[in-house]
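Working notes for the structure below.
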Amino acid sequence: MAFDVARARRETPGTTRVAHLNNAGAALPPSSVTETVIAHLRLEAAIGGYEAAAAAAEQIEGTYDAIARLIGCRMDEIAVTENATRAWDMAFYAIPLRPGDRILTGRAEYASNVIAFLQVARRTGAVVEVVDDDEHGQLCIADLRRRLQGQGARSGEVKLIAITHVPTQGGLVNPAEEVGALAHEAGVFFLLDACQSVGQLPLDVQRIGCDFLSATGRKYLRGPRGTGFLYARSSVLDHVEPPFLDLHAATWTAPEHYEIQPGARRFESWETNYAAKIGLGVAADYALSWGLDAIEARITALAGRLRDRLRAVDGVRVHDQGRRRCGIVTFTVDGTSAREVQQRLAEARINTSVSYASSARFDLPRRGLPELVRASVHYYNTEEELDRLINALPACR
Ligand SMILES: Cc1ncc(COP(=O)(O)O)c(C=O)c1O
């Protein structure tokens with residue numbers, strides 16, 4: 001069935017103002033999300049913040065329900081956080097590591113995650129290893145398998161595989177399910193950064209086989225800024241400990257004792273932005289109403305067309321890798337910095353962004369790429385908007 005782009009655009013007021021090709025930065029929200037957030041803020045102003053939260057209790061629970069349906073888990077396996085980084089941190093810093101324990105990651109890994117690896121490696125004596133890419137530029141499953149061999153030895157055991165599903169700096173989709181199968185076989189924690197994939201690809205944590213999955217609200221999910229979530233498989237909760245606890249994550253049961261919450265909400269903190277949290281649930285429901293298969297098909301078709309058209313422009317090089325690709329399209333223009341290209345496009349009301357090597361040091365420097373222009377498409381973008389981008393490029397040189 002054809003995707004109803006006209007309806008998607010009617011429900012997205014921002015599409016009348018800009019060609020928004022910065023969906024991997026923050027997508028344009030649908031009106032339903034914006035209106036829900038504003039309505040809750042108005043309710044807080046009218047009756048009080050605590051009273052508004054009590055009145056909206058059902059909607060708040062609805063957010064957990066929507067996210068659980070979005071990724072195929074139980075509601076009590078979800079923690080709502082203020083962004084993807086905090087969600088990821090809560091899982092990563094919870095994993096017990098000893099000197100010599102190995103953390104396996106990939107070349108696509110995001111800067112914040114790597115900074116956390118390095119900090120924890122310094123503190124604990126754990127070791128970070130970067131799994132090679134294969135000939136398609138995605139995580140090499142054969143190399144991962146090789147690094148897991150001999151698992152069960154008393155020292156140098158792999159404790160954690162932590163990879164990024166879709167990187168910030170390119171259109172590849174890493175083979176998460178194959179990684180999950182190997183992690184399961186080896187009995188190793190698997191933490192998947194799905195920040196760039198949630199909302200643009202169907203995600204099923206049972207099929208992927210991850211123990212933790214972190215995601216943000218504002219990108220392909222089209223939720224409010226300052227929202228994110230963590231999936232934590234219920235069976236791993238007894239083997240990890242949240243790095244921070246407060247009186248929401250745990251209960252102070254006696255002067256010398258506390259009890260941690262039974263579910264994934266142990267990774268949350270008490271105070272939160274309820275308006276944004278409710279808006280996140282509306283965004284998840286909205287994505288489900290379009291269907292994630294239909295969303296992926298529309299996005300990948302548009303992105304594929306954009307790559308073909310960019311390749312045909314003199315002096316433009318497309319840099320996306322991977323066997324399976326998504327809505328993120330990265331390119332350079334000979335003789336012009338990525339920043340300059342992005343600024344010229346912005347003057348023509350075409351939103352793109354720039355990925356710098358400092359966000360992806362295991363990847364971009366090896367490919368000789370200090371920076372890239374990133375045009376990330378969503379299902380509400382149109383062919384006409386792609387034309388506008390292509391036609392604006394000669395003026396960028
Ligand atoms: C792969 C990846 N992981 C994590 C993040 C961080 O997300 P947040 O800003 O919501 O913390 C980003 C942001 O661009 C990202 O691209």
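Labels used: A, B, ... for chains in the order of the structure tokens, numbers from 1 for residues in each chain, and numbers from 1 for ligands as shown.
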
Among region 43-127 of chain A, which residues does DSSP mark as strand (DSSP E) when it is run on the backbone? Keep the chain and numbering as in the structure and answer as a ChimeraX atom specification.
/A:78-81,102-106,127

File dump, residues just selected, all heavy atoms, as a PDB file, in the first residue's frame:
ATOM      1  N   ILE A  78      10.890  -1.544  30.958  1.00  0.00           N
ATOM      2  CA  ILE A  78      11.201  -0.227  30.392  1.00  0.00           C
ATOM      3  C   ILE A  78      11.451   0.794  31.494  1.00  0.00           C
ATOM      4  O   ILE A  78      10.681   0.892  32.455  1.00  0.00           O
ATOM      5  CB  ILE A  78      10.022   0.290  29.522  1.00  0.00           C
ATOM      6  CG1 ILE A  78       9.792  -0.622  28.313  1.00  0.00           C
ATOM      7  CG2 ILE A  78      10.234   1.736  29.080  1.00  0.00           C
ATOM      8  CD1 ILE A  78      10.944  -0.648  27.326  1.00  0.00           C
ATOM      9  N   ALA A  79      12.522   1.569  31.328  1.00  0.00           N
ATOM     10  CA  ALA A  79      12.757   2.765  32.151  1.00  0.00           C
ATOM     11  C   ALA A  79      12.723   3.963  31.213  1.00  0.00           C
ATOM     12  O   ALA A  79      13.344   3.919  30.146  1.00  0.00           O
ATOM     13  CB  ALA A  79      14.120   2.678  32.829  1.00  0.00           C
ATOM     14  N   VAL A  80      12.002   4.998  31.605  1.00  0.00           N
ATOM     15  CA  VAL A  80      11.993   6.217  30.791  1.00  0.00           C
ATOM     16  C   VAL A  80      13.045   7.163  31.368  1.00  0.00           C
ATOM     17  O   VAL A  80      13.092   7.385  32.585  1.00  0.00           O
ATOM     18  CB  VAL A  80      10.589   6.865  30.758  1.00  0.00           C
ATOM     19  CG1 VAL A  80      10.618   8.175  29.988  1.00  0.00           C
ATOM     20  CG2 VAL A  80       9.587   5.896  30.124  1.00  0.00           C
ATOM     21  N   THR A  81      13.882   7.690  30.495  1.00  0.00           N
ATOM     22  CA  THR A  81      15.015   8.518  30.928  1.00  0.00           C
ATOM     23  C   THR A  81      14.983   9.859  30.189  1.00  0.00           C
ATOM     24  O   THR A  81      14.118  10.080  29.344  1.00  0.00           O
ATOM     25  CB  THR A  81      16.343   7.802  30.605  1.00  0.00           C
ATOM     26  OG1 THR A  81      16.373   7.546  29.195  1.00  0.00           O
ATOM     27  CG2 THR A  81      16.477   6.488  31.348  1.00  0.00           C
ATOM     28  N   ARG A 102      36.886  -8.202  29.364  1.00  0.00           N
ATOM     29  CA  ARG A 102      36.932  -7.568  28.037  1.00  0.00           C
ATOM     30  C   ARG A 102      35.554  -7.020  27.642  1.00  0.00           C
ATOM     31  O   ARG A 102      34.544  -7.678  27.850  1.00  0.00           O
ATOM     32  CB  ARG A 102      37.420  -8.581  26.998  1.00  0.00           C
ATOM     33  CG  ARG A 102      38.865  -9.011  27.246  1.00  0.00           C
ATOM     34  CD  ARG A 102      39.140 -10.368  26.641  1.00  0.00           C
ATOM     35  NE  ARG A 102      39.071 -10.364  25.198  1.00  0.00           N
ATOM     36  CZ  ARG A 102      38.762 -11.433  24.461  1.00  0.00           C
ATOM     37  NH1 ARG A 102      38.476 -12.579  25.042  1.00  0.00           N
ATOM     38  NH2 ARG A 102      38.717 -11.345  23.149  1.00  0.00           N
ATOM     39  N   ILE A 103      35.577  -5.834  27.052  1.00  0.00           N
ATOM     40  CA  ILE A 103      34.375  -5.205  26.495  1.00  0.00           C
ATOM     41  C   ILE A 103      34.591  -5.176  24.988  1.00  0.00           C
ATOM     42  O   ILE A 103      35.573  -4.616  24.519  1.00  0.00           O
ATOM     43  CB  ILE A 103      34.227  -3.745  26.999  1.00  0.00           C
ATOM     44  CG1 ILE A 103      34.148  -3.679  28.510  1.00  0.00           C
ATOM     45  CG2 ILE A 103      33.043  -3.060  26.323  1.00  0.00           C
ATOM     46  CD1 ILE A 103      34.302  -2.262  29.079  1.00  0.00           C
ATOM     47  N   LEU A 104      33.682  -5.784  24.237  1.00  0.00           N
ATOM     48  CA  LEU A 104      33.804  -5.757  22.778  1.00  0.00           C
ATOM     49  C   LEU A 104      32.849  -4.718  22.207  1.00  0.00           C
ATOM     50  O   LEU A 104      31.661  -4.699  22.550  1.00  0.00           O
ATOM     51  CB  LEU A 104      33.475  -7.126  22.172  1.00  0.00           C
ATOM     52  CG  LEU A 104      34.316  -8.309  22.633  1.00  0.00           C
ATOM     53  CD1 LEU A 104      33.953  -9.561  21.808  1.00  0.00           C
ATOM     54  CD2 LEU A 104      35.806  -8.021  22.499  1.00  0.00           C
ATOM     55  N   THR A 105      33.380  -3.886  21.328  1.00  0.00           N
ATOM     56  CA  THR A 105      32.533  -2.896  20.663  1.00  0.00           C
ATOM     57  C   THR A 105      32.877  -2.849  19.180  1.00  0.00           C
ATOM     58  O   THR A 105      33.677  -3.658  18.707  1.00  0.00           O
ATOM     59  CB  THR A 105      32.681  -1.512  21.358  1.00  0.00           C
ATOM     60  OG1 THR A 105      31.690  -0.634  20.812  1.00  0.00           O
ATOM     61  CG2 THR A 105      34.058  -0.908  21.151  1.00  0.00           C
ATOM     62  N   GLY A 106      32.237  -1.917  18.464  1.00  0.00           N
ATOM     63  CA  GLY A 106      32.450  -1.874  17.019  1.00  0.00           C
ATOM     64  C   GLY A 106      32.996  -0.526  16.576  1.00  0.00           C
ATOM     65  O   GLY A 106      33.064   0.427  17.357  1.00  0.00           O
ATOM     66  N   VAL A 127      39.261  -4.144  29.733  1.00  0.00           N
ATOM     67  CA  VAL A 127      39.943  -3.835  28.472  1.00  0.00           C
ATOM     68  C   VAL A 127      38.892  -3.651  27.378  1.00  0.00           C
ATOM     69  O   VAL A 127      37.953  -4.436  27.291  1.00  0.00           O
ATOM     70  CB  VAL A 127      40.870  -5.028  28.086  1.00  0.00           C
ATOM     71  CG1 VAL A 127      41.612  -4.748  26.797  1.00  0.00           C
ATOM     72  CG2 VAL A 127      41.832  -5.329  29.222  1.00  0.00           C
TER      73      VAL A 127
END

Go through the chains and note each residue within 9 Å of ligand 1, using only C-alpha atoms and all ligand atoms, then give the set as a VMD selection string.
chain A and resid 24 to 26 82 to 88 108 to 113 164 to 169 193 to 197 214 to 219 225 to 228 359

Write out as number ranges by chain all residues of region 161-190 of chain A that backbone DSSP assigns to alpha helix (DSSP H).
A: 176-186

Write to file, as a CSV table (one decimal), in the first residue's frame, the residues of the selection just made, with all heavy atoms.
chain,number,residue,atom,x,y,z
A,176,ALA,N,22.5,-6.6,14.2
A,176,ALA,CA,22.2,-6.8,15.7
A,176,ALA,C,21.8,-8.2,16.0
A,176,ALA,O,22.2,-8.7,17.1
A,176,ALA,CB,21.2,-5.8,16.1
A,177,GLU,N,20.9,-8.8,15.2
A,177,GLU,CA,20.4,-10.1,15.6
A,177,GLU,C,21.5,-11.2,15.6
A,177,GLU,O,21.6,-12.1,16.4
A,177,GLU,CB,19.3,-10.6,14.6
A,177,GLU,CG,18.0,-9.9,14.8
A,177,GLU,CD,16.9,-10.3,13.9
A,177,GLU,OE1,16.9,-11.4,13.4
A,177,GLU,OE2,16.1,-9.4,13.6
A,178,GLU,N,22.5,-11.1,14.6
A,178,GLU,CA,23.6,-12.0,14.6
A,178,GLU,C,24.5,-11.8,15.8
A,178,GLU,O,25.0,-12.8,16.4
A,178,GLU,CB,24.4,-11.9,13.3
A,178,GLU,CG,23.6,-12.4,12.1
A,178,GLU,CD,24.2,-11.9,10.8
A,178,GLU,OE1,25.2,-12.5,10.4
A,178,GLU,OE2,23.7,-11.0,10.2
A,179,VAL,N,24.6,-10.6,16.2
A,179,VAL,CA,25.4,-10.3,17.4
A,179,VAL,C,24.7,-10.9,18.6
A,179,VAL,O,25.4,-11.5,19.5
A,179,VAL,CB,25.6,-8.8,17.6
A,179,VAL,CG1,26.3,-8.4,18.9
A,179,VAL,CG2,26.4,-8.2,16.4
A,180,GLY,N,23.4,-10.7,18.7
A,180,GLY,CA,22.6,-11.2,19.8
A,180,GLY,C,22.8,-12.7,19.9
A,180,GLY,O,22.9,-13.3,21.0
A,181,ALA,N,22.8,-13.4,18.8
A,181,ALA,CA,22.9,-14.9,18.8
A,181,ALA,C,24.2,-15.3,19.4
A,181,ALA,O,24.3,-16.2,20.3
A,181,ALA,CB,22.7,-15.5,17.4
A,182,LEU,N,25.3,-14.6,19.0
A,182,LEU,CA,26.6,-14.9,19.5
A,182,LEU,C,26.7,-14.6,21.0
A,182,LEU,O,27.4,-15.3,21.8
A,182,LEU,CB,27.7,-14.2,18.7
A,182,LEU,CG,28.0,-14.7,17.3
A,182,LEU,CD1,29.1,-13.9,16.7
A,182,LEU,CD2,28.3,-16.2,17.3
A,183,ALA,N,26.2,-13.4,21.4
A,183,ALA,CA,26.2,-13.0,22.8
A,183,ALA,C,25.5,-14.1,23.7
A,183,ALA,O,26.0,-14.5,24.7
A,183,ALA,CB,25.6,-11.7,23.0
A,184,HIS,N,24.4,-14.5,23.2
A,184,HIS,CA,23.6,-15.5,23.9
A,184,HIS,C,24.4,-16.8,24.1
A,184,HIS,O,24.5,-17.4,25.2
A,184,HIS,CB,22.3,-15.8,23.2
A,184,HIS,CG,21.4,-16.7,23.9
A,184,HIS,ND1,20.7,-16.3,25.1
A,184,HIS,CD2,21.0,-18.0,23.7
A,184,HIS,CE1,20.0,-17.3,25.5
A,184,HIS,NE2,20.2,-18.3,24.7
A,185,GLU,N,25.0,-17.3,23.0
A,185,GLU,CA,25.8,-18.5,23.0
A,185,GLU,C,26.9,-18.4,24.0
A,185,GLU,O,27.2,-19.4,24.7
A,185,GLU,CB,26.4,-18.7,21.6
A,185,GLU,CG,26.6,-20.0,21.1
A,185,GLU,CD,27.0,-19.9,19.6
A,185,GLU,OE1,26.1,-19.8,18.7
A,185,GLU,OE2,28.2,-19.9,19.4
A,186,ALA,N,27.5,-17.2,24.0
A,186,ALA,CA,28.7,-17.1,24.9
A,186,ALA,C,28.4,-16.7,26.3
A,186,ALA,O,29.3,-16.6,27.2
A,186,ALA,CB,29.6,-16.0,24.3

Could you give me, as a PDB file with C-alpha atoms, in the first residue's frame, the residues within 10 Å of region 66-69 of chain A, counting only C-alpha atoms and dropping anything in the same chain fewer than 3 positions from it?
ATOM      1  CA  GLU A  61       1.510   4.336  32.212  1.00  0.00           C
ATOM      2  CA  GLY A  62       0.437   4.417  28.564  1.00  0.00           C
ATOM      3  CA  THR A  63       3.944   5.566  27.643  1.00  0.00           C
ATOM      4  CA  GLY A  72       8.334  -6.266  21.867  1.00  0.00           C
ATOM      5  CA  CYS A  73       8.893  -6.457  25.623  1.00  0.00           C
ATOM      6  CA  ARG A  74       6.982  -6.162  28.896  1.00  0.00           C
ATOM      7  CA  MET A  75       6.092  -2.789  30.392  1.00  0.00           C
ATOM      8  CA  ASP A  76       8.121  -3.515  33.511  1.00  0.00           C
ATOM      9  CA  GLU A  77      11.239  -3.925  31.375  1.00  0.00           C
ATOM     10  CA  ILE A  78      11.201  -0.227  30.392  1.00  0.00           C
ATOM     11  CA  ALA A  79      12.757   2.765  32.151  1.00  0.00           C
ATOM     12  CA  VAL A  80      11.993   6.217  30.791  1.00  0.00           C
ATOM     13  CA  LEU A 203      12.878  -3.465  16.535  1.00  0.00           C
ATOM     14  CA  ASP A 204      12.067  -6.620  18.455  1.00  0.00           C
ATOM     15  CA  VAL A 205      14.241  -7.186  21.495  1.00  0.00           C
ATOM     16  CA  PHE A 229      14.303   5.002  27.314  1.00  0.00           C
ATOM     17  CA  LEU A 230      16.128   1.884  28.400  1.00  0.00           C
ATOM     18  CA  TYR A 231      14.961  -1.678  27.883  1.00  0.00           C
ATOM     19  CA  LEU A 280       7.077  10.192  24.204  1.00  0.00           C
ATOM     20  CA  GLY A 281       4.256   7.677  24.563  1.00  0.00           C
ATOM     21  CA  VAL A 282       2.144   9.533  22.011  1.00  0.00           C
ATOM     22  CA  ALA A 283       5.113   9.484  19.610  1.00  0.00           C
ATOM     23  CA  ALA A 284       5.583   5.715  20.082  1.00  0.00           C
ATOM     24  CA  ASP A 285       1.869   5.112  19.458  1.00  0.00           C
ATOM     25  CA  TYR A 286       1.989   7.373  16.418  1.00  0.00           C
ATOM     26  CA  ALA A 287       4.906   5.385  14.937  1.00  0.00           C
ATOM     27  CA  LEU A 288       3.007   2.139  15.606  1.00  0.00           C
TER      28      LEU A 288
END

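Pairwise distance (CA of Arg366 (chain A), CA of Val354 (chain A)) equals 17.8 Å.
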
Glu259 (chain A) surroundings by only C-alpha atoms, 10 Å radius, close-in-sequence under 5 positions cut, as a PDB file with all heavy atoms, in the first residue's frame:
ATOM      1  N   LEU A 247      15.000   7.538  45.831  1.00  0.00           N
ATOM      2  CA  LEU A 247      13.824   6.991  46.528  1.00  0.00           C
ATOM      3  C   LEU A 247      12.716   6.537  45.580  1.00  0.00           C
ATOM      4  O   LEU A 247      11.670   6.070  46.024  1.00  0.00           O
ATOM      5  CB  LEU A 247      13.313   7.994  47.574  1.00  0.00           C
ATOM      6  CG  LEU A 247      12.461   9.172  47.111  1.00  0.00           C
ATOM      7  CD1 LEU A 247      12.060  10.018  48.297  1.00  0.00           C
ATOM      8  CD2 LEU A 247      13.103   9.977  46.043  1.00  0.00           C
ATOM      9  N   ALA A 249      13.936   4.689  42.633  1.00  0.00           N
ATOM     10  CA  ALA A 249      14.596   3.455  42.195  1.00  0.00           C
ATOM     11  C   ALA A 249      14.624   2.415  43.314  1.00  0.00           C
ATOM     12  O   ALA A 249      14.698   1.210  43.062  1.00  0.00           O
ATOM     13  CB  ALA A 249      16.016   3.766  41.745  1.00  0.00           C
ATOM     14  N   ALA A 250      14.570   2.895  44.540  1.00  0.00           N
ATOM     15  CA  ALA A 250      14.616   1.999  45.711  1.00  0.00           C
ATOM     16  C   ALA A 250      13.756   2.593  46.820  1.00  0.00           C
ATOM     17  O   ALA A 250      13.406   3.777  46.779  1.00  0.00           O
ATOM     18  CB  ALA A 250      16.062   1.851  46.185  1.00  0.00           C
ATOM     19  N   THR A 251      13.438   1.769  47.831  1.00  0.00           N
ATOM     20  CA  THR A 251      12.686   2.250  49.001  1.00  0.00           C
ATOM     21  C   THR A 251      13.573   2.111  50.229  1.00  0.00           C
ATOM     22  O   THR A 251      14.218   1.062  50.417  1.00  0.00           O
ATOM     23  CB  THR A 251      11.406   1.402  49.191  1.00  0.00           C
ATOM     24  OG1 THR A 251      10.689   1.423  47.961  1.00  0.00           O
ATOM     25  CG2 THR A 251      10.517   1.960  50.296  1.00  0.00           C
ATOM     26  N   TRP A 252      13.601   3.160  51.037  1.00  0.00           N
ATOM     27  CA  TRP A 252      14.379   3.134  52.294  1.00  0.00           C
ATOM     28  C   TRP A 252      13.509   2.424  53.315  1.00  0.00           C
ATOM     29  O   TRP A 252      12.584   2.998  53.889  1.00  0.00           O
ATOM     30  CB  TRP A 252      14.677   4.576  52.696  1.00  0.00           C
ATOM     31  CG  TRP A 252      15.717   4.731  53.751  1.00  0.00           C
ATOM     32  CD1 TRP A 252      16.627   3.817  54.160  1.00  0.00           C
ATOM     33  CD2 TRP A 252      15.947   5.927  54.518  1.00  0.00           C
ATOM     34  NE1 TRP A 252      17.429   4.328  55.132  1.00  0.00           N
ATOM     35  CE2 TRP A 252      17.032   5.626  55.378  1.00  0.00           C
ATOM     36  CE3 TRP A 252      15.359   7.181  54.568  1.00  0.00           C
ATOM     37  CZ2 TRP A 252      17.530   6.568  56.279  1.00  0.00           C
ATOM     38  CZ3 TRP A 252      15.860   8.113  55.463  1.00  0.00           C
ATOM     39  CH2 TRP A 252      16.936   7.816  56.314  1.00  0.00           C
ATOM     40  N   THR A 253      13.755   1.157  53.535  1.00  0.00           N
ATOM     41  CA  THR A 253      12.836   0.309  54.309  1.00  0.00           C
ATOM     42  C   THR A 253      13.113   0.330  55.810  1.00  0.00           C
ATOM     43  O   THR A 253      12.231   0.024  56.613  1.00  0.00           O
ATOM     44  CB  THR A 253      12.916  -1.147  53.817  1.00  0.00           C
ATOM     45  OG1 THR A 253      14.297  -1.512  53.744  1.00  0.00           O
ATOM     46  CG2 THR A 253      12.282  -1.317  52.451  1.00  0.00           C
ATOM     47  N   ALA A 254      14.342   0.597  56.211  1.00  0.00           N
ATOM     48  CA  ALA A 254      14.719   0.688  57.632  1.00  0.00           C
ATOM     49  C   ALA A 254      15.952   1.572  57.684  1.00  0.00           C
ATOM     50  O   ALA A 254      16.598   1.761  56.645  1.00  0.00           O
ATOM     51  CB  ALA A 254      15.034  -0.709  58.168  1.00  0.00           C
TER      52      ALA A 254
END

Which region 273-323 of chain A residues have any atom within 12 Å of an atom of region 19-22 of chain A, and for each, what is the nearest pair of atoms with distance in Å to one decimal, counting only C-alpha atoms, rows sorted by chain and number, as JSON lines?
{"residue": "A:Ile299", "atom": "CA", "partner": "A:Leu21", "partner_atom": "CA", "distance": 11.5}
{"residue": "A:Leu302", "atom": "CA", "partner": "A:Leu21", "partner_atom": "CA", "distance": 11.2}
{"residue": "A:Ala303", "atom": "CA", "partner": "A:Leu21", "partner_atom": "CA", "distance": 10.4}
{"residue": "A:Leu306", "atom": "CA", "partner": "A:Leu21", "partner_atom": "CA", "distance": 11.0}

May I have the residues from that selection written out with C-alpha atoms, as a PDB file, in the first residue's frame?
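After the write, part_21.pdb holds the following:
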ATOM      1  CA  ILE A 299      12.579   5.795   4.446  1.00  0.00           C
ATOM      2  CA  LEU A 302      13.831   7.744  -0.263  1.00  0.00           C
ATOM      3  CA  ALA A 303      17.376   7.476   1.129  1.00  0.00           C
ATOM      4  CA  LEU A 306      18.951  10.414  -2.556  1.00  0.00           C
TER       5      LEU A 306
END

When you draw a straight line from CA of Glu384 (chain A) to CA of Val18 (chain A), how long is it in Å?
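Calculated distance between CA of Glu384 (chain A) and CA of Val18 (chain A) is 12.0 Å.
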
Hey, which of A:Arg388, A:Glu271, A:Val316, A:Gly368 ends up closest to Ala348 (chain A)? Count only C-alpha atoms.
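For Ala348 (chain A), the nearest of the given residues is A:Arg388.
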
For Leu213 (chain A), which residue among A:Glu11, A:Asp238, A:Asp4, A:Asp89 is the nearest when counting only C-alpha atoms?
A:Asp89

Give me the residues near Leu139 (chain A) as JSON, numbers by chain, where near means some atom within 7 Å (using only C-alpha atoms) and where sequence neighbours in that chain fewer than 6 positions away do not count.
{"A": [106, 131, 132, 133, 174]}
